[in-house]
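Structure below is protein.csv: CSV, C-alpha atoms.
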```csv
chain,number,residue,atom,x,y,z
A,250,ARG,CA,-45.4,-57.9,51.3
A,251,ASN,CA,-41.8,-58.2,50.3
A,252,ASP,CA,-41.5,-61.6,52.2
A,253,ALA,CA,-44.3,-63.1,50.1
A,254,ARG,CA,-43.4,-61.8,46.6
A,255,ASP,CA,-43.1,-64.2,43.7
A,256,GLY,CA,-39.9,-62.6,42.2
A,257,ASN,CA,-36.9,-60.4,42.8
A,258,TYR,CA,-38.6,-57.0,43.1
A,259,PHE,CA,-40.0,-54.8,45.9
A,260,ASN,CA,-43.4,-53.5,46.8
A,261,GLN,CA,-44.0,-49.9,47.9
A,262,PRO,CA,-44.0,-49.3,51.6
A,263,GLU,CA,-47.1,-48.0,53.3
A,264,PRO,CA,-46.5,-44.4,54.3
A,265,ASP,CA,-47.4,-43.2,57.9
A,266,THR,CA,-50.7,-41.6,57.0
A,267,VAL,CA,-54.4,-41.5,57.6
A,268,TYR,CA,-57.6,-40.9,55.6
A,269,ASN,CA,-59.5,-37.7,56.3
A,270,SER,CA,-63.3,-37.4,56.3
A,271,SER,CA,-63.3,-37.0,52.5
A,272,GLY,CA,-61.6,-40.3,52.0
A,273,ASP,CA,-58.3,-38.7,50.9
A,274,ARG,CA,-55.0,-39.7,52.3
A,275,VAL,CA,-53.2,-37.0,54.4
A,276,ARG,CA,-49.4,-36.8,54.3
A,277,ARG,CA,-47.5,-36.8,57.6
A,278,ARG,CA,-43.9,-35.9,57.5
A,279,THR,CA,-41.7,-35.3,60.5
A,280,GLY,CA,-38.2,-34.0,60.9
A,281,GLN,CA,-36.0,-31.3,62.3
A,282,VAL,CA,-35.9,-27.6,62.0
A,283,GLN,CA,-32.4,-26.1,62.5
A,284,LEU,CA,-31.7,-22.4,63.0
A,285,ARG,CA,-28.5,-20.4,63.6
A,286,VAL,CA,-29.0,-16.9,65.1
A,287,ASP,CA,-27.0,-14.5,67.2
A,288,LEU,CA,-28.5,-13.5,70.5
A,289,THR,CA,-28.9,-9.8,69.7
A,290,THR,CA,-31.1,-8.5,72.6
A,291,ILE,CA,-34.3,-6.5,72.4
A,292,GLY,CA,-32.9,-3.0,73.2
A,293,THR,CA,-35.4,-0.3,74.2
A,294,ALA,CA,-38.2,-1.7,72.1
A,295,ALA,CA,-39.9,-3.6,75.1
A,296,ASN,CA,-39.2,-4.7,78.6
A,297,ASP,CA,-39.6,-8.4,77.8
A,298,TYR,CA,-39.3,-11.0,75.1
A,299,ASP,CA,-42.8,-12.4,75.3
A,300,SER,CA,-43.7,-11.1,71.7
A,301,ASN,CA,-40.2,-11.2,70.3
A,302,TYR,CA,-38.7,-13.9,68.0
A,303,LEU,CA,-35.9,-14.6,70.4
A,304,GLY,CA,-38.4,-15.2,73.2
A,305,TYR,CA,-40.4,-17.5,71.0
A,306,LEU,CA,-37.4,-19.6,70.1
A,307,LEU,CA,-36.4,-20.1,73.7
A,308,ASN,CA,-40.0,-20.7,74.9
A,309,GLY,CA,-40.0,-23.8,72.6
A,310,GLY,CA,-37.9,-25.5,75.2
A,311,PHE,CA,-37.8,-23.5,78.4
A,312,LEU,CA,-39.9,-21.7,80.9
A,313,ASN,CA,-39.2,-18.1,81.7
A,314,ARG,CA,-39.5,-15.2,84.1
A,315,ALA,CA,-39.2,-11.6,83.1
A,316,SER,CA,-38.0,-9.7,86.1
A,317,GLY,CA,-40.2,-7.0,87.6
A,318,VAL,CA,-37.0,-4.9,87.8
A,319,THR,CA,-36.0,-3.2,84.7
A,320,SER,CA,-33.5,-1.0,86.5
A,321,ALA,CA,-33.1,0.2,90.0
A,322,THR,CA,-30.6,2.3,92.0
A,323,VAL,CA,-28.8,0.7,94.9
A,324,ALA,CA,-29.5,2.6,98.1
A,325,THR,CA,-27.4,0.7,100.8
A,326,ILE,CA,-24.8,-2.0,100.5
A,327,THR,CA,-24.3,-4.4,103.4
A,328,ASP,CA,-21.7,-6.5,101.6
A,329,ALA,CA,-21.0,-7.8,98.1
A,330,ASN,CA,-24.0,-10.2,98.4
A,331,SER,CA,-26.5,-8.0,100.2
A,332,PHE,CA,-28.0,-4.6,99.4
A,333,THR,CA,-31.2,-2.6,99.2
A,334,VAL,CA,-32.6,-0.4,96.4
A,335,SER,CA,-34.2,3.0,96.6
A,336,SER,CA,-37.4,1.8,94.8
A,337,GLY,CA,-38.6,-0.7,92.3
A,338,GLY,CA,-36.8,-3.7,93.8
A,339,PRO,CA,-37.5,-7.4,93.1
A,340,THR,CA,-40.3,-9.4,94.5
A,341,ALA,CA,-40.5,-13.0,95.6
A,342,SER,CA,-41.5,-13.9,92.0
A,343,ASP,CA,-38.1,-12.6,90.8
A,344,VAL,CA,-36.0,-15.0,93.0
A,345,GLY,CA,-33.7,-17.0,90.7
A,346,THR,CA,-33.5,-14.4,88.0
A,347,LEU,CA,-30.2,-12.8,87.1
A,348,ILE,CA,-29.3,-9.2,87.5
A,349,SER,CA,-26.5,-7.1,86.1
A,350,THR,CA,-24.5,-4.0,87.0
A,351,ILE,CA,-21.5,-2.2,85.6
A,352,LEU,CA,-18.6,-1.8,88.1
A,353,ASN,CA,-15.3,-0.2,87.1
A,354,GLY,CA,-16.4,-0.2,83.5
A,355,LYS,CA,-17.0,-4.0,83.4
A,356,VAL,CA,-20.3,-5.9,83.4
A,357,GLU,CA,-21.0,-8.2,86.3
A,358,TYR,CA,-23.9,-10.6,86.9
A,359,SER,CA,-25.4,-12.5,89.8
A,360,ALA,CA,-28.6,-14.3,90.7
A,361,ILE,CA,-31.2,-13.2,93.3
A,362,THR,CA,-31.5,-15.8,96.1
A,363,ASP,CA,-33.8,-13.8,98.3
A,364,ASP,CA,-35.8,-10.6,97.6
A,365,SER,CA,-35.9,-9.7,101.3
A,366,ASP,CA,-34.0,-11.5,104.0
A,367,ALA,CA,-34.2,-11.1,107.8
A,368,SER,CA,-32.5,-7.7,107.4
A,369,SER,CA,-34.7,-6.7,104.5
A,370,ASP,CA,-31.8,-7.0,102.2
A,371,ILE,CA,-31.8,-8.3,98.6
A,372,THR,CA,-29.3,-11.2,98.5
A,373,VAL,CA,-27.4,-12.5,95.5
A,374,SER,CA,-25.0,-15.3,94.7
A,375,PRO,CA,-22.2,-15.4,93.6
A,376,ALA,CA,-20.9,-12.1,95.0
A,377,PHE,CA,-20.2,-9.0,93.1
A,378,SER,CA,-16.6,-7.7,93.0
A,379,ALA,CA,-15.1,-5.4,95.5
A,380,GLY,CA,-16.1,-2.5,93.2
A,381,PHE,CA,-19.7,-3.0,94.4
A,382,THR,CA,-19.8,0.3,96.4
A,383,GLY,CA,-21.7,3.6,96.3
A,384,THR,CA,-25.1,3.6,94.4
A,385,PRO,CA,-24.7,1.6,91.3
A,386,THR,CA,-27.6,0.7,89.0
A,387,ILE,CA,-28.8,-2.8,88.7
A,388,ARG,CA,-30.7,-4.2,85.7
A,389,GLY,CA,-33.1,-7.1,85.5
A,390,THR,CA,-33.2,-9.8,82.9
A,391,GLN,CA,-35.7,-12.3,81.4
A,392,THR,CA,-34.4,-15.6,82.6
A,393,TYR,CA,-35.0,-18.8,80.7
A,394,TYR,CA,-34.8,-22.1,82.6
A,395,PRO,CA,-35.8,-25.8,82.2
A,396,GLY,CA,-38.8,-27.1,84.1
A,397,SER,CA,-37.7,-28.8,87.3
A,398,ARG,CA,-39.2,-30.1,90.6
A,399,THR,CA,-43.0,-30.1,90.1
A,400,PHE,CA,-42.6,-28.4,86.7
A,401,THR,CA,-40.3,-31.2,85.3
A,402,GLY,CA,-41.1,-31.9,81.6
A,403,THR,CA,-42.8,-28.6,81.0
A,404,TYR,CA,-42.0,-25.7,78.7
A,405,THR,CA,-43.8,-22.5,77.6
A,406,ASN,CA,-45.2,-23.6,74.3
A,407,SER,CA,-44.5,-25.5,71.1
A,408,LEU,CA,-43.8,-23.5,67.9
A,409,THR,CA,-44.8,-23.4,64.2
A,410,PHE,CA,-42.3,-22.3,61.6
A,411,ARG,CA,-43.0,-21.1,58.1
A,412,VAL,CA,-39.9,-21.5,55.8
A,413,ASP,CA,-40.0,-19.4,52.6
A,414,GLY,CA,-37.6,-19.4,49.7
A,415,VAL,CA,-37.6,-19.2,45.9
A,416,ASN,CA,-40.4,-21.5,44.7
A,417,PHE,CA,-41.0,-23.2,48.0
A,418,ARG,CA,-42.9,-22.7,51.2
A,419,SER,CA,-43.0,-25.2,54.0
A,420,TYR,CA,-44.7,-25.3,57.4
A,421,ALA,CA,-43.4,-27.2,60.5
A,422,TYR,CA,-45.9,-27.7,63.2
A,423,GLY,CA,-45.6,-28.7,66.9
A,424,CYS,CA,-41.9,-27.9,67.1
A,425,VAL,CA,-40.2,-28.5,70.5
A,426,LEU,CA,-36.5,-27.6,71.2
A,427,GLU,CA,-34.3,-30.7,71.0
A,428,SER,CA,-31.0,-28.9,71.5
A,429,LEU,CA,-29.4,-25.5,71.9
A,430,ALA,CA,-25.7,-25.0,71.3
A,431,ILE,CA,-24.0,-21.6,72.1
A,432,SER,CA,-20.5,-21.0,70.8
A,433,LEU,CA,-18.4,-18.0,69.9
A,434,ASP,CA,-17.8,-16.4,66.5
A,435,ASN,CA,-15.0,-13.8,66.9
A,436,GLY,CA,-16.3,-13.3,70.4
A,437,ARG,CA,-20.0,-12.9,69.5
A,438,LEU,CA,-22.4,-15.5,71.0
A,439,MET,CA,-24.1,-17.6,68.3
A,440,ALA,CA,-26.9,-20.0,69.1
A,441,ASP,CA,-27.8,-23.1,67.1
A,442,PHE,CA,-31.3,-24.3,67.7
A,443,THR,CA,-32.6,-27.7,66.7
A,444,TYR,CA,-36.3,-28.4,66.9
A,445,GLN,CA,-38.2,-31.7,66.4
A,446,SER,CA,-41.4,-31.1,64.4
A,447,ALA,CA,-44.5,-33.2,64.8
A,448,CYS,CA,-45.7,-32.5,61.3
A,449,ILE,CA,-44.2,-30.9,58.2
A,450,GLN,CA,-46.3,-29.9,55.3
A,451,ASP,CA,-45.5,-28.1,52.0
A,452,ASP,CA,-47.5,-25.3,50.3
A,453,HIS,CA,-45.2,-24.5,47.4
A,454,ALA,CA,-48.1,-23.1,45.4
A,455,SER,CA,-48.3,-20.1,47.8
A,456,ALA,CA,-44.5,-19.4,47.7
A,457,VAL,CA,-43.7,-15.7,47.4
A,458,GLY,CA,-39.9,-16.0,47.5
A,459,PRO,CA,-37.4,-15.1,50.2
A,460,ILE,CA,-38.5,-12.7,53.0
A,461,GLU,CA,-36.0,-10.4,54.6
A,462,PRO,CA,-35.9,-11.2,58.3
A,463,LEU,CA,-36.3,-8.6,61.1
A,464,TYR,CA,-33.7,-8.2,63.8
A,465,ASN,CA,-33.7,-6.9,67.3
A,466,THR,CA,-32.4,-3.4,67.9
A,467,GLY,CA,-30.3,-4.1,71.0
A,468,ALA,CA,-26.7,-5.3,71.0
A,469,PRO,CA,-25.3,-8.7,70.2
A,470,PRO,CA,-23.7,-10.1,73.3
A,471,PHE,CA,-19.9,-10.5,73.1
A,472,PHE,CA,-17.6,-12.5,75.3
A,473,ARG,CA,-15.9,-9.3,76.2
A,474,ASN,CA,-15.7,-6.8,79.1
A,475,SER,CA,-17.3,-9.2,81.6
A,476,TYR,CA,-16.3,-12.1,83.8
A,477,VAL,CA,-16.4,-15.9,84.1
A,478,VAL,CA,-17.0,-16.6,87.8
A,479,VAL,CA,-17.2,-19.6,90.0
A,480,SER,CA,-18.3,-19.5,93.6
A,481,ASP,CA,-15.7,-19.8,96.3
A,482,ALA,CA,-17.7,-22.6,98.1
A,483,ALA,CA,-20.3,-25.2,97.4
A,484,PRO,CA,-23.9,-24.0,97.0
A,485,SER,CA,-26.8,-25.6,98.8
A,486,SER,CA,-27.8,-28.7,96.9
A,487,ARG,CA,-29.4,-31.7,98.6
A,488,VAL,CA,-31.2,-29.8,101.4
A,489,ASN,CA,-33.3,-26.7,100.6
A,490,ALA,CA,-31.9,-23.6,102.1
A,491,THR,CA,-33.8,-21.5,104.6
A,492,THR,CA,-31.9,-18.4,103.8
A,493,GLY,CA,-30.6,-17.5,100.3
A,494,ASP,CA,-27.1,-18.6,99.4
A,495,LYS,CA,-24.5,-15.8,99.6
A,496,LEU,CA,-21.3,-17.2,98.1
A,497,GLY,CA,-18.1,-15.4,97.2
A,498,ARG,CA,-16.5,-15.3,93.8
A,499,ILE,CA,-13.4,-16.6,92.0
A,500,GLU,CA,-12.7,-14.9,88.7
A,501,LEU,CA,-11.3,-17.2,86.0
A,502,ASP,CA,-9.1,-16.3,83.0
A,503,CYS,CA,-11.3,-17.9,80.4
A,504,GLU,CA,-10.5,-17.6,76.8
A,505,ASP,CA,-13.3,-19.7,75.3
A,506,PHE,CA,-16.5,-21.4,76.2
A,507,SER,CA,-19.2,-23.5,74.7
A,508,LEU,CA,-22.6,-24.6,75.9
A,509,THR,CA,-24.9,-27.4,74.8
A,510,VAL,CA,-28.4,-28.1,76.2
A,511,THR,CA,-29.9,-31.4,75.0
A,512,ASN,CA,-33.5,-32.2,75.7
A,513,THR,CA,-34.9,-35.7,75.5
A,514,LEU,CA,-38.3,-35.5,73.9
A,515,THR,CA,-41.0,-38.1,74.6
A,516,PRO,CA,-44.2,-38.0,72.5
A,517,LEU,CA,-47.5,-38.3,74.3
A,518,GLY,CA,-49.0,-40.8,72.0
A,519,THR,CA,-52.6,-40.9,71.0
A,520,SER,CA,-54.5,-42.4,68.0
A,521,GLU,CA,-57.0,-39.6,68.0
A,522,SER,CA,-54.8,-37.3,65.8
A,523,ILE,CA,-53.1,-37.8,62.5
A,524,LEU,CA,-49.9,-36.7,64.4
A,525,ALA,CA,-50.2,-39.8,66.6
A,526,MET,CA,-49.4,-37.6,69.6
A,527,SER,CA,-51.0,-34.9,71.6
A,528,ASN,CA,-47.7,-33.2,72.5
A,529,MET,CA,-44.1,-33.8,73.3
A,530,ASP,CA,-42.8,-33.7,76.9
A,531,ILE,CA,-39.2,-33.0,77.8
A,532,SER,CA,-38.3,-36.1,79.8
A,533,GLY,CA,-34.7,-35.2,80.3
A,534,VAL,CA,-32.3,-32.2,80.2
A,535,ASP,CA,-28.5,-32.5,79.8
A,536,VAL,CA,-26.4,-29.3,80.1
A,537,ASP,CA,-22.7,-29.3,79.2
A,538,LEU,CA,-20.7,-26.1,79.8
A,539,SER,CA,-17.1,-26.2,78.7
A,540,LEU,CA,-14.6,-23.6,79.7
A,541,THR,CA,-11.0,-23.2,78.5
A,542,LEU,CA,-8.8,-21.3,80.9
A,543,SER,CA,-5.6,-19.5,79.7
A,544,THR,CA,-4.3,-19.3,83.3
A,545,VAL,CA,-4.5,-22.4,85.4
A,546,ASN,CA,-6.5,-22.0,88.6
A,547,THR,CA,-5.2,-24.2,91.4
A,548,THR,CA,-8.1,-23.5,93.8
A,549,ILE,CA,-10.4,-25.7,91.7
A,550,ALA,CA,-7.8,-28.3,90.7
A,551,ASN,CA,-9.2,-30.9,93.1
A,552,ASP,CA,-12.9,-30.2,92.6
A,553,TYR,CA,-13.4,-33.4,90.5
A,554,PHE,CA,-11.6,-35.6,93.0
A,555,ASN,CA,-13.4,-34.1,96.0
A,556,LYS,CA,-16.8,-34.0,94.2
A,557,THR,CA,-17.1,-30.3,94.9
A,558,LEU,CA,-20.0,-28.4,93.5
A,559,ARG,CA,-19.7,-24.7,92.5
A,560,GLN,CA,-21.8,-22.0,91.0
A,561,VAL,CA,-20.6,-21.1,87.4
A,562,LEU,CA,-21.6,-17.9,85.7
A,563,VAL,CA,-20.5,-16.7,82.3
A,564,GLY,CA,-21.1,-13.1,81.6
A,565,THR,CA,-21.1,-11.0,78.4
A,566,GLY,CA,-21.0,-7.4,77.4
A,567,PRO,CA,-22.4,-4.8,76.9
A,568,SER,CA,-25.0,-4.1,79.5
A,569,GLY,CA,-27.7,-1.4,79.3
A,570,ASP,CA,-31.4,-0.9,78.6
A,571,GLY,CA,-32.4,-4.1,76.8
A,572,GLN,CA,-28.8,-5.3,76.6
A,573,GLY,CA,-26.8,-8.1,78.2
A,574,CYS,CA,-26.7,-11.9,78.3
A,575,ALA,CA,-25.5,-14.4,80.9
A,576,ILE,CA,-25.4,-18.2,81.4
A,577,MET,CA,-25.5,-19.8,84.8
A,578,LEU,CA,-25.3,-23.2,86.4
A,579,PRO,CA,-26.2,-22.4,90.0
A,580,ALA,CA,-24.9,-25.8,91.1
A,581,ALA,CA,-22.4,-27.3,88.7
A,582,MET,CA,-20.4,-30.6,88.9
A,583,LEU,CA,-17.2,-31.3,87.0
A,584,THR,CA,-17.2,-34.2,84.5
A,585,ASN,CA,-13.4,-34.0,83.9
A,586,ASP,CA,-10.4,-33.6,86.1
A,587,PRO,CA,-9.0,-30.0,86.0
A,588,SER,CA,-5.7,-31.2,87.6
A,589,ALA,CA,-4.9,-32.8,84.2
A,590,TYR,CA,-3.6,-29.7,82.3
A,591,ASP,CA,-3.9,-29.3,78.6
A,592,VAL,CA,-0.3,-29.2,77.3
A,593,SER,CA,-1.1,-30.2,73.7
A,594,GLY,CA,-0.2,-26.8,72.3
A,595,ASN,CA,3.2,-25.3,71.9
A,596,ASP,CA,2.4,-22.0,73.5
A,597,ILE,CA,0.9,-22.0,77.0
A,598,VAL,CA,-0.6,-24.5,79.5
A,599,ARG,CA,-4.3,-24.5,79.5
A,600,GLN,CA,-7.0,-25.8,81.9
A,601,THR,CA,-10.2,-27.3,80.6
A,602,LEU,CA,-13.4,-27.4,82.8
A,603,THR,CA,-16.5,-29.3,81.7
A,604,TYR,CA,-19.6,-28.9,83.9
A,605,LYS,CA,-23.0,-30.4,84.1
A,606,GLN,CA,-26.0,-29.2,86.1
A,607,ALA,CA,-26.5,-30.6,89.6
A,608,ARG,CA,-29.4,-30.1,92.0
A,609,TYR,CA,-29.6,-26.6,93.4
A,610,ALA,CA,-31.4,-25.6,96.5
A,611,GLY,CA,-29.9,-22.2,97.5
A,612,ASP,CA,-32.9,-20.0,96.7
A,613,VAL,CA,-35.6,-19.3,99.4
A,614,SER,CA,-38.5,-20.4,97.1
A,615,GLU,CA,-39.3,-22.7,94.2
A,616,VAL,CA,-41.4,-20.3,92.3
A,617,ASN,CA,-40.6,-19.4,88.7
A,618,ALA,CA,-36.8,-19.5,88.1
A,619,ALA,CA,-36.0,-20.1,91.8
A,620,ASN,CA,-33.9,-23.3,92.3
A,621,SER,CA,-33.8,-24.0,88.6
A,622,PRO,CA,-30.7,-26.0,87.6
A,623,PHE,CA,-29.8,-23.9,84.5
A,624,ARG,CA,-30.4,-20.3,83.5
A,625,LEU,CA,-30.0,-18.2,80.4
A,626,ALA,CA,-30.6,-14.5,81.0
A,627,LEU,CA,-31.3,-11.8,78.4
A,628,GLY,CA,-31.2,-8.1,79.3
A,629,ILE,CA,-34.5,-6.2,79.4
```

Before anything else, please render the file you have as C-alpha cells.
Amino acid sequence: RNDARDGNYFNQPEPDTVYNSSGDRVRRRTGQVQLRVDLTTIGTAANDYDSNYLGYLLNGGFLNRASGVTSATVATITDANSFTVSSGGPTASDVGTLISTILNGKVEYSAITDDSDASSDITVSPAFSAGFTGTPTIRGTQTYYPGSRTFTGTYTNSLTFRVDGVNFRSYAYGCVLESLAISLDNGRLMADFTYQSACIQDDHASAVGPIEPLYNTGAPPFFRNSYVVVSDAAPSSRVNATTGDKLGRIELDCEDFSLTVTNTLTPLGTSESILAMSNMDISGVDVDLSLTLSTVNTTIANDYFNKTLRQVLVGTGPSGDGQGCAIMLPAAMLTNDPSAYDVSGNDIVRQTLTYKQARYAGDVSEVNAANSPFRLALGI
C-alpha cells in the first residue's frame, strides 16, 4: 500500500492476526519471557521435581530422569569407580544420572555408567576421590538433559506463564526454553531462563496486583565445598561402549565458571491455528561451559592441540536430602587453547578453559539420560 500511495504519508500495516468464528479479529503477539531465579533445591518436600516450579522451568527445554535411588548405603567398594550398595540401588533406567556423596566433609559427584557390570558392580565415571572407602551414603538426583540420538528435538513439555503486577496481567502460551545461563552471585548459582512464547495475551481487567512467590525449602547450591573435575583420559565417543566408562579424575583449582545452553527453536508451521504453528522443536543445542583456573594445570595444556576429549563435572554444596546440584559434560571438547595463559591481571597467572559438548558413548544403554551430551542434576 505504501508503494502506491498518492502522497507523503503511510498506511497502517496489517497485523499478524485471524478472524474468529464471530467475525472478530484475534490478536497474536509473540515475544520472550525472561526469568532469573536461584536453583534452591526441593529439600525434604518430595523426591522429585515433577510438580515443582524448578522442574517445570527445566522441562520447558529438557528431558529428565528422576533416579530411583534417593539414598543408599555402599556395601562393598571394588575401586573408586565400582561398588555395590546394601539395598535400593540404581536400575538400568538410572544409567546416565548423577549421584553424590560426602567424602572427608566435601561433596563429590559422578555419573552412573552401568547399574550392574559383569561383576555386579555399579560403575561410575569420573572416579570418586581416594576418600571413597568404608560405607558412605550415596544420593540420587533428578537429571535434566537435552534430547539426543532418537530423541533429538524433544523436550518434556511447553509452558504457560501468568505474569501479575499492579494493574496488569499477561499470559504467555506455548513457551519453550531458548537459552539457560548459569552464573555465580557471591558463590550462589543463579539461572537466567529465556523462553520463546508462541502467543502472548493480556487480561489486565482481571489484575489483582503482585503475588508473593513461593520458594523451595531445600538449600541454594553454592560453588563451595565441592570439586571441579575432569577425567584423566578421553571418554568413549564415536563408538558405543560395551562396558561402562570408568575414568579417573583430575581436580582443578577453579575460581569461577559460567554455563550457557542455547536452543535453536524451529516452529512446526501450520495454517490450522491462529498461532501458525503446532509446536516448536529444538533443532539444535549449543552448550558452552567456561572455567577459570587460579592454578595452571599442565596436564590439560595440550588438549586443544591434540583434540583430546574429557569428561567435565562441576559440583556444588551442600548435599543432603533434597539438596545438591551438579553440571556435567560427559564428553567435552575445548574451543580455546589452554596453553595460552591469562596474564592480563597484575596478581596471578590464570588458565581459561571453554568447553562444548561432544558425542558421548560411554554408558551401556541409551535409555533416559544414558549417553546424553549434557546433564544438569538436582538433588532429591

Check your understanding: If you count only C-alpha atoms, which residues fall within 10 Å of A:Asp452, apart from same-chain ones fewer than 5 positions away, as number ranges by chain?
Key -> A: 411, 413, 416-420

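The space between atom CA of A:Arg277 and atom CA of A:Ser522 spans 11.0 Å.
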
Exercise for review: Within 9 Å of A:Thr515, counting all atoms listed in the file, which residues show up once you throw out same-chain ones fewer than 6 positions away? Write them as a count of residues only, please.
Suggested key: 6

Check your understanding: Smallest atom-to-atom distance to A:Asp612: which of A:Val373, A:Ala367, A:Met439, A:Ile597, using all atoms listed in the file?
Key ->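 Under the stated criterion, the closest residue is A:Val373.
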
For the contact check between stretch 521-576 of chain A and stretch 613-629 of chain A, emit one row per residue of stretch 521-576 of chain A within 9 Å, containing the shortest atom pair and the distance in Å rounded to one decimal, counting only C-alpha atoms, chain then rising number order, as a Markdown table.
```
| residue | atom | partner | partner_atom | distance |
| --- | --- | --- | --- | --- |
| A:Val536 | CA | A:Phe623 | CA | 7.8 |
| A:Ser568 | CA | A:Gly628 | CA | 7.4 |
| A:Gly569 | CA | A:Gly628 | CA | 7.6 |
| A:Asp570 | CA | A:Ile629 | CA | 6.2 |
| A:Gly571 | CA | A:Ile629 | CA | 3.9 |
| A:Gln572 | CA | A:Gly628 | CA | 4.6 |
| A:Gly573 | CA | A:Gly628 | CA | 4.5 |
| A:Cys574 | CA | A:Leu627 | CA | 4.6 |
| A:Ala575 | CA | A:Ala626 | CA | 5.1 |
| A:Ile576 | CA | A:Leu625 | CA | 4.7 |
```

Go ahead and save the residues from that selection, with C-alpha atoms, as an mmCIF file, in the frame of the given file.
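Everything below was put into again.cif:
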```cif
data_model
loop_
_atom_site.group_PDB
_atom_site.id
_atom_site.type_symbol
_atom_site.label_atom_id
_atom_site.label_comp_id
_atom_site.auth_asym_id
_atom_site.auth_seq_id
_atom_site.Cartn_x
_atom_site.Cartn_y
_atom_site.Cartn_z
ATOM 1 C CA VAL A 536 -26.400 -29.300 80.100
ATOM 2 C CA SER A 568 -25.000 -4.100 79.500
ATOM 3 C CA GLY A 569 -27.700 -1.400 79.300
ATOM 4 C CA ASP A 570 -31.400 -0.900 78.600
ATOM 5 C CA GLY A 571 -32.400 -4.100 76.800
ATOM 6 C CA GLN A 572 -28.800 -5.300 76.600
ATOM 7 C CA GLY A 573 -26.800 -8.100 78.200
ATOM 8 C CA CYS A 574 -26.700 -11.900 78.300
ATOM 9 C CA ALA A 575 -25.500 -14.400 80.900
ATOM 10 C CA ILE A 576 -25.400 -18.200 81.400
#
```

Review point. How far is it from atom CA of A:Gly414 to atom CA of A:Arg276, in Å with one decimal?
Key: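 Atom-to-atom, atom CA of A:Gly414 and atom CA of A:Arg276 are spaced 21.5 Å apart.
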
Revision key, fill the gap. Nearest to A:Gln606, restricted to only C-alpha atoms and choosing among A:Thr513, A:Thr403, A:Thr492, A:Ser397, comes out as A:Ser397

Exercise for review: Counting only C-alpha atoms, figure out which residue out of A:Thr399, A:Ser428, A:Ser335, A:Thr541 gets nearest to A:Leu284.
Suggested key: A:Ser428

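Note that the spacing between atom CA of A:Thr548 and atom CA of A:Asp481 amounts to 8.8 Å.
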
Practice item. Could you tell me which of A:Pro395, A:Thr293, A:Pro262, A:Thr350 comes closest to A:Leu307 if we count only C-alpha atoms? Key: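 Comparing A:Pro395, A:Thr293, A:Pro262, A:Thr350 against A:Leu307, the winner is A:Pro395.
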
At most 10 Å is the cut-off: for each residue in stretch 471-504 of chain A with any atom that close to an atom of stretch 556-563 of chain A, write down the nearest atom pair and the distance in Å rounded to one decimal, counting only C-alpha atoms, chain first then increasing number, as CSV.
```
residue,atom,partner,partner_atom,distance
A:Phe472,CA,A:Val563,CA,8.7
A:Ser475,CA,A:Val563,CA,8.2
A:Tyr476,CA,A:Val563,CA,6.4
A:Val477,CA,A:Val563,CA,4.5
A:Val478,CA,A:Leu562,CA,5.2
A:Val479,CA,A:Val561,CA,4.5
A:Ser480,CA,A:Gln560,CA,5.0
A:Asp481,CA,A:Arg559,CA,7.4
A:Ala482,CA,A:Arg559,CA,6.3
A:Ala483,CA,A:Arg559,CA,5.0
A:Pro484,CA,A:Arg559,CA,6.2
A:Ser485,CA,A:Leu558,CA,9.1
A:Ser486,CA,A:Leu558,CA,8.5
A:Leu496,CA,A:Gln560,CA,8.6
A:Gly497,CA,A:Gln560,CA,9.8
A:Arg498,CA,A:Gln560,CA,9.0
A:Ile499,CA,A:Val561,CA,9.7
A:Glu500,CA,A:Leu562,CA,9.9
A:Leu501,CA,A:Val563,CA,9.9
A:Cys503,CA,A:Val563,CA,9.5
```

Generate the output file for the selected residues, C-alpha atoms, as a CSV table (one decimal), keeping the file's coordinate frame.
```csv
chain,number,residue,atom,x,y,z
A,472,PHE,CA,-17.6,-12.5,75.3
A,475,SER,CA,-17.3,-9.2,81.6
A,476,TYR,CA,-16.3,-12.1,83.8
A,477,VAL,CA,-16.4,-15.9,84.1
A,478,VAL,CA,-17.0,-16.6,87.8
A,479,VAL,CA,-17.2,-19.6,90.0
A,480,SER,CA,-18.3,-19.5,93.6
A,481,ASP,CA,-15.7,-19.8,96.3
A,482,ALA,CA,-17.7,-22.6,98.1
A,483,ALA,CA,-20.3,-25.2,97.4
A,484,PRO,CA,-23.9,-24.0,97.0
A,485,SER,CA,-26.8,-25.6,98.8
A,486,SER,CA,-27.8,-28.7,96.9
A,496,LEU,CA,-21.3,-17.2,98.1
A,497,GLY,CA,-18.1,-15.4,97.2
A,498,ARG,CA,-16.5,-15.3,93.8
A,499,ILE,CA,-13.4,-16.6,92.0
A,500,GLU,CA,-12.7,-14.9,88.7
A,501,LEU,CA,-11.3,-17.2,86.0
A,503,CYS,CA,-11.3,-17.9,80.4
```

Point to revise | Best match for closeness to A:Ser336 among A:Ile387, A:Ile291, A:Ala315, A:Leu514, counting only C-alpha atoms | key: A:Ile387

**Study point:** Polymer residues at most 6 Å from stretch 286-290 of chain A, only C-alpha atoms, same-chain spacing of 2 or more positions, as a list in words
**Key:**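 Contacts, in chain order: Gly292, Met439, Ala440, Gly467, Ala468, Pro469 and Gln572 of chain A.
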
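Using all atoms listed in the file, the shortest contact distance between A:Tyr609 and any of A:Ala490, A:Ala550, A:Leu540, A:Leu303 is found at A:Ala490.
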
Exercise for review: Can you pull out every residue within 12 Å of A:Tyr305, counting only C-alpha atoms, but drop anything in the same chain fewer than 2 positions away, and send it as a PyMOL selection string?
Suggested key: chain A and resi 297-303+307-313+393+404-410+424-426+442

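If you count all atoms listed in the file and ignore residues fewer than 4 places along the chain from A:Met526, what sits within 9 Å of it is Ala447, Pro516, Leu517, Gly518, Thr519, Ser520, Glu521 and Ser522 of chain A.
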